[in-house]
>>> print(open('protein_14.txt').read())   # compact mmCIF, C-alpha atoms
# COMPACT_ATOMS: atom_id res chain seq x y z
CA MET A 1 -18.48 -5.82 21.42
CA MET A 2 -19.02 -8.98 19.37
CA GLN A 3 -21.67 -7.19 17.29
CA ASP A 4 -19.22 -4.33 16.65
CA ILE A 5 -16.58 -6.79 15.46
CA GLN A 6 -19.04 -8.47 13.10
CA LEU A 7 -20.13 -5.08 11.78
CA TYR A 8 -16.68 -3.62 11.09
CA LEU A 9 -14.56 -6.73 10.42
CA PRO A 10 -15.52 -7.08 6.70
CA GLY A 11 -14.42 -3.50 6.00
CA ILE A 12 -11.17 -3.97 7.94
CA LEU A 13 -10.38 -7.16 6.03
CA LEU A 14 -11.17 -5.43 2.73
CA ALA A 15 -8.77 -2.61 3.65
CA TYR A 16 -6.11 -5.21 4.51
CA SER A 17 -6.67 -6.96 1.18
CA ALA A 18 -6.38 -3.71 -0.78
CA PHE A 19 -3.15 -2.88 1.03
CA LEU A 20 -1.64 -6.32 0.47
CA LEU A 21 -2.38 -6.29 -3.23
CA ALA A 22 -1.10 -2.73 -3.55
CA ILE A 23 2.33 -3.66 -2.23
CA ALA A 24 2.36 -6.77 -4.42
CA SER A 25 2.59 -4.40 -7.39
CA PRO A 26 6.20 -3.25 -8.03
CA GLY A 27 6.11 0.51 -7.53
CA PRO A 28 9.11 2.84 -6.96
CA ASN A 29 9.47 1.81 -3.30
CA ILE A 30 9.42 -1.93 -4.00
CA LEU A 31 11.82 -1.60 -6.93
CA ALA A 32 14.20 0.42 -4.73
CA VAL A 33 14.20 -2.33 -2.10
CA MET A 34 14.76 -5.01 -4.74
CA GLY A 35 17.58 -3.10 -6.43
CA THR A 36 19.34 -2.30 -3.16
CA SER A 37 19.20 -5.91 -1.97
CA MET A 38 20.58 -7.12 -5.29
CA SER A 39 23.23 -4.46 -5.93
CA VAL A 40 24.43 -3.67 -2.39
CA ASN A 41 23.53 -6.34 0.18
CA ARG A 42 20.63 -7.79 2.11
CA ALA A 43 21.18 -5.64 5.22
CA SER A 44 21.01 -2.41 3.21
CA GLY A 45 17.85 -3.61 1.50
CA MET A 46 16.28 -4.38 4.86
CA SER A 47 17.17 -0.90 6.17
CA LEU A 48 15.56 0.66 3.10
CA ALA A 49 12.53 -1.62 3.54
CA MET A 50 12.05 -0.47 7.14
CA GLY A 51 12.18 3.15 6.00
CA VAL A 52 9.49 2.48 3.38
CA ALA A 53 7.33 0.65 5.93
CA THR A 54 7.67 3.51 8.42
CA GLY A 55 6.66 5.96 5.71
CA SER A 56 3.62 3.84 4.96
CA PHE A 57 2.72 3.88 8.67
CA THR A 58 3.03 7.68 8.70
CA TRP A 59 0.68 8.02 5.70
CA ALA A 60 -1.82 5.69 7.40
CA LEU A 61 -1.79 7.79 10.60
CA LEU A 62 -2.13 11.07 8.71
CA THR A 63 -5.02 9.69 6.65
CA VAL A 64 -6.92 8.24 9.62
CA PHE A 65 -6.61 11.40 11.72
CA GLY A 66 -7.44 13.60 8.74
CA LEU A 67 -10.53 11.65 7.70
CA SER A 68 -11.68 11.27 11.30
CA ALA A 69 -11.43 15.02 11.86
CA ILE A 70 -13.34 15.74 8.65
CA LEU A 71 -16.09 13.25 9.50
CA ALA A 72 -16.39 14.58 13.06
CA THR A 73 -17.06 18.07 11.68
CA TYR A 74 -18.87 17.25 8.45
CA ALA A 75 -20.73 13.95 8.59
CA GLN A 76 -21.94 14.36 5.01
CA ALA A 77 -18.33 14.36 3.84
CA LEU A 78 -18.31 10.56 4.09
CA LEU A 79 -20.24 10.33 0.82
CA LEU A 80 -17.69 12.47 -1.01
CA ILE A 81 -14.80 10.50 0.47
CA LYS A 82 -16.41 7.23 -0.63
CA ILE A 83 -16.95 8.55 -4.17
CA PHE A 84 -13.36 9.77 -4.39
CA GLY A 85 -11.99 6.53 -2.95
CA GLY A 86 -14.09 4.40 -5.27
CA LEU A 87 -13.08 6.34 -8.37
CA TYR A 88 -9.43 6.18 -7.40
CA LEU A 89 -9.65 2.40 -6.93
CA LEU A 90 -11.19 2.09 -10.39
CA TRP A 91 -8.33 4.18 -11.78
CA LEU A 92 -5.85 1.83 -10.07
CA ALA A 93 -7.68 -1.09 -11.67
CA TYR A 94 -7.24 0.51 -15.10
CA LYS A 95 -3.53 1.11 -14.45
CA SER A 96 -3.06 -2.47 -13.27
CA PHE A 97 -4.76 -3.95 -16.33
CA LYS A 98 -2.68 -1.66 -18.55
CA ALA A 99 0.53 -2.79 -16.80
CA ALA A 100 -0.51 -6.44 -17.17
CA ALA A 101 -0.89 -5.95 -20.93
CA ALA A 102 2.50 -4.22 -21.28
CA SER A 103 5.43 -6.24 -22.58
CA HIS A 104 8.19 -4.67 -20.49
CA ASP A 105 9.49 -6.30 -17.32
CA ILE A 106 10.28 -4.68 -13.99
CA ALA A 107 13.56 -2.79 -13.65
CA ALA A 108 15.09 -3.01 -10.19
CA LYS A 109 18.16 -0.77 -9.92
CA GLU A 110 20.46 0.50 -7.21
CA LEU A 111 19.60 3.91 -5.79
CA ALA A 112 21.48 6.86 -7.22
CA GLY A 113 23.86 8.80 -4.98
CA GLY A 114 26.30 6.10 -3.96
CA ARG A 115 26.40 3.71 -1.03
CA ARG A 116 24.92 4.72 2.33
CA THR A 117 24.97 3.78 6.00
CA PRO A 118 22.05 1.69 7.36
CA TRP A 119 20.47 4.90 8.68
CA GLY A 120 21.03 6.50 5.29
CA TYR A 121 19.11 3.72 3.57
CA PHE A 122 16.35 3.89 6.18
CA SER A 123 15.90 7.64 5.76
CA ARG A 124 16.02 7.30 1.98
CA GLY A 125 13.26 4.68 2.10
CA TYR A 126 11.18 6.96 4.30
CA ILE A 127 11.66 9.89 1.92
CA ILE A 128 10.76 7.76 -1.11
CA GLN A 129 7.46 6.79 0.50
CA MET A 130 6.58 10.20 1.94
CA THR A 131 7.28 12.08 -1.31
CA ASN A 132 5.17 9.73 -3.41
CA PRO A 133 1.94 11.67 -4.15
CA LYS A 134 0.13 8.46 -5.08
CA ALA A 135 0.64 7.15 -1.53
CA ALA A 136 -1.71 9.77 -0.07
CA LEU A 137 -4.41 9.00 -2.63
CA ALA A 138 -4.03 5.26 -2.12
CA TRP A 139 -4.34 5.56 1.64
CA ILE A 140 -7.53 7.62 1.37
CA ALA A 141 -9.00 4.82 -0.72
CA ILE A 142 -7.75 2.07 1.61
CA ILE A 143 -8.93 3.76 4.81
CA SER A 144 -12.31 4.63 3.32
CA LEU A 145 -12.92 0.92 2.67
CA GLY A 146 -12.79 0.11 6.37
CA LEU A 147 -13.74 3.34 8.15
CA LYS A 148 -17.52 3.56 8.31
CA GLU A 149 -19.51 6.48 9.68
CA GLY A 150 -19.53 6.39 13.48
CA ALA A 151 -16.83 3.71 13.64
CA PRO A 152 -15.13 3.42 17.06
CA VAL A 153 -11.47 4.27 17.55
CA TRP A 154 -10.42 0.62 17.62
CA VAL A 155 -11.41 0.21 13.96
CA ALA A 156 -8.97 2.91 12.82
CA ALA A 157 -6.31 1.47 15.16
CA ALA A 158 -6.83 -2.01 13.73
CA ILE A 159 -6.39 -0.75 10.17
CA VAL A 160 -3.30 1.33 10.94
CA LEU A 161 -1.50 -1.20 13.15
CA GLY A 162 -2.49 -4.17 10.99
CA THR A 163 -1.27 -2.59 7.76
CA PHE A 164 1.95 -1.45 9.47
CA ALA A 165 2.70 -5.00 10.64
CA MET A 166 2.03 -6.31 7.14
CA SER A 167 4.13 -3.55 5.60
CA VAL A 168 7.14 -4.37 7.78
CA ALA A 169 6.85 -8.11 7.16
CA ILE A 170 6.35 -7.90 3.39
CA HIS A 171 8.93 -5.21 2.68
CA LEU A 172 11.51 -7.16 4.70
CA LEU A 173 10.52 -10.27 2.77
CA TYR A 174 11.21 -8.40 -0.46
CA ALA A 175 14.63 -7.37 0.86
CA VAL A 176 15.55 -10.94 1.85
CA ALA A 177 14.09 -12.70 -1.20
CA PHE A 178 15.45 -10.29 -3.80
CA SER A 179 19.01 -10.38 -2.54
CA THR A 180 19.41 -12.99 -5.32
CA PRO A 181 18.94 -12.10 -9.03
CA GLY A 182 16.98 -15.29 -9.68
CA MET A 183 14.06 -14.07 -7.59
CA VAL A 184 13.77 -10.90 -9.66
CA ARG A 185 13.55 -12.96 -12.85
CA LEU A 186 10.90 -15.19 -11.26
CA TYR A 187 8.92 -12.17 -10.09
CA GLY A 188 9.16 -10.66 -13.56
CA LYS A 189 7.64 -13.78 -15.09
CA ALA A 190 4.69 -13.57 -12.69
CA ARG A 191 4.23 -9.82 -13.24
CA ARG A 192 1.27 -10.05 -15.61
CA VAL A 193 -0.65 -12.45 -13.38
CA ILE A 194 -0.01 -10.25 -10.34
CA GLN A 195 -1.05 -7.06 -12.14
CA GLY A 196 -4.16 -8.74 -13.57
CA ALA A 197 -5.25 -9.99 -10.14
CA LEU A 198 -4.54 -6.56 -8.70
CA GLY A 199 -6.70 -4.91 -11.35
CA ALA A 200 -9.60 -7.30 -10.75
CA PHE A 201 -9.52 -6.72 -7.01
CA PHE A 202 -9.30 -2.93 -7.28
CA ALA A 203 -12.21 -2.93 -9.72
CA PHE A 204 -14.25 -4.99 -7.24
CA ALA A 205 -13.27 -2.81 -4.27
CA GLY A 206 -13.96 0.42 -6.16
CA LEU A 207 -17.42 -0.69 -7.26
CA ARG A 208 -18.17 -1.96 -3.75
CA LEU A 209 -17.21 1.38 -2.25
CA LEU A 210 -19.26 3.35 -4.75
CA THR A 211 -22.38 1.21 -4.29
CA SER A 212 -22.26 0.68 -0.50
CA ARG A 213 -24.92 2.42 1.54
CA THR A 214 -22.96 2.92 4.75
>>> encode(input="protein_14.txt", output="structure tokens")
Amino acid sequence: MMQDIQLYLPGILLAYSAFLLAIASPGPNILAVMGTSMSVNRASGMSLAMGVATGSFTWALLTVFGLSAILATYAQALLLIKIFGGLYLLWLAYKSFKAAAASHDIAAKELAGGRRTPWGYFSRGYIIQMTNPKAALAWIAIISLGLKEGAPVWVAAAIVLGTFAMSVAIHLLYAVAFSTPGMVRLYGKARRVIQGALGAFFAFAGLRLLTSRT
């Protein structure tokens, strides 16, 4: 068991790192949480954040089961998945560097459609995450970093449950922190540094995935 942990732990940690840096970048889901916390209230932002986190958990489950089923039937598919995942990470690196060079700041706004109940914000957050086509591509790349050929079930479980716990914690942190306008301004000032670091990591992870042998 200890040998298994030593074998698969680096990939799991790399998947965690990719996930953490991905949600550090202000995409539509993060901006929605920020805007709701600022424009409505903290509780509504937290409800929306839980919906986004649950959507992220759903994508992780779908990706793990889908890749596991493919690998169980077609072992050679792992190479294609690694190539796709690596290229997508390199594309994310390009997008991050491009965003870091841009002069515009983030724009966190209240959701359209009027005020909602807590359940309404939760379901809206879930829909935002589940209808984002980039989420599926990102999860294929993230899972492929930690899911090696012949990996036991606990590896997939560790990636899914670990990223879900981080997703809940960080999205709720966004909701709490960005209930004040000052935090948005502070985040905007750090945007270029965050995007630059994100680009560097995704470039590293993409090259690592493309050049790994297993």
>>> residues_around(input="protein_14.txt", residues="region 189-205 of chain A", least_positions_apart="2", cutoff="6 Å", atoms="only C-alpha atoms", output="PyMOL selection string")
chain A and resi 21+89-90+93+96-97+100+186-187+207-208
>>> closest_residue(input="protein_14.txt", among="A:Thr63, A:Ser56, A:Thr117, A:Gln129", to="Ser167 (chain A)", atoms="all atoms listed in the file")
A:Ser56
>>> closest_residue(input="protein_14.txt", among="A:Val40, A:Arg115, A:Leu210, A:Ala157", to="Phe65 (chain A)", atoms="all atoms listed in the file")
A:Ala157
>>> closest_residue(input="protein_14.txt", among="A:Arg185, A:His171, A:Arg116, A:Lys148", to="Leu9 (chain A)", atoms="all atoms listed in the file")
A:Lys148
>>> closest_residue(input="protein_14.txt", among="A:Ile127, A:Ala102, A:Ala60, A:Leu87", to="Ala32 (chain A)", atoms="all atoms listed in the file")
A:Ile127
>>> closest_residue(input="protein_14.txt", among="A:Gly182, A:Pro28, A:Pro10, A:Gly120", to="Val155 (chain A)", atoms="only C-alpha atoms")
A:Pro10
>>> closest_residue(input="protein_14.txt", among="A:Met34, A:Ile159, A:Ala136, A:Ile128", to="Met183 (chain A)", atoms="only C-alpha atoms")
A:Met34
>>> atom_distance(input="protein_14.txt", atom1="CA of Trp91 (chain A)", atom2="CA of Ser212 (chain A)")
18.3 Å
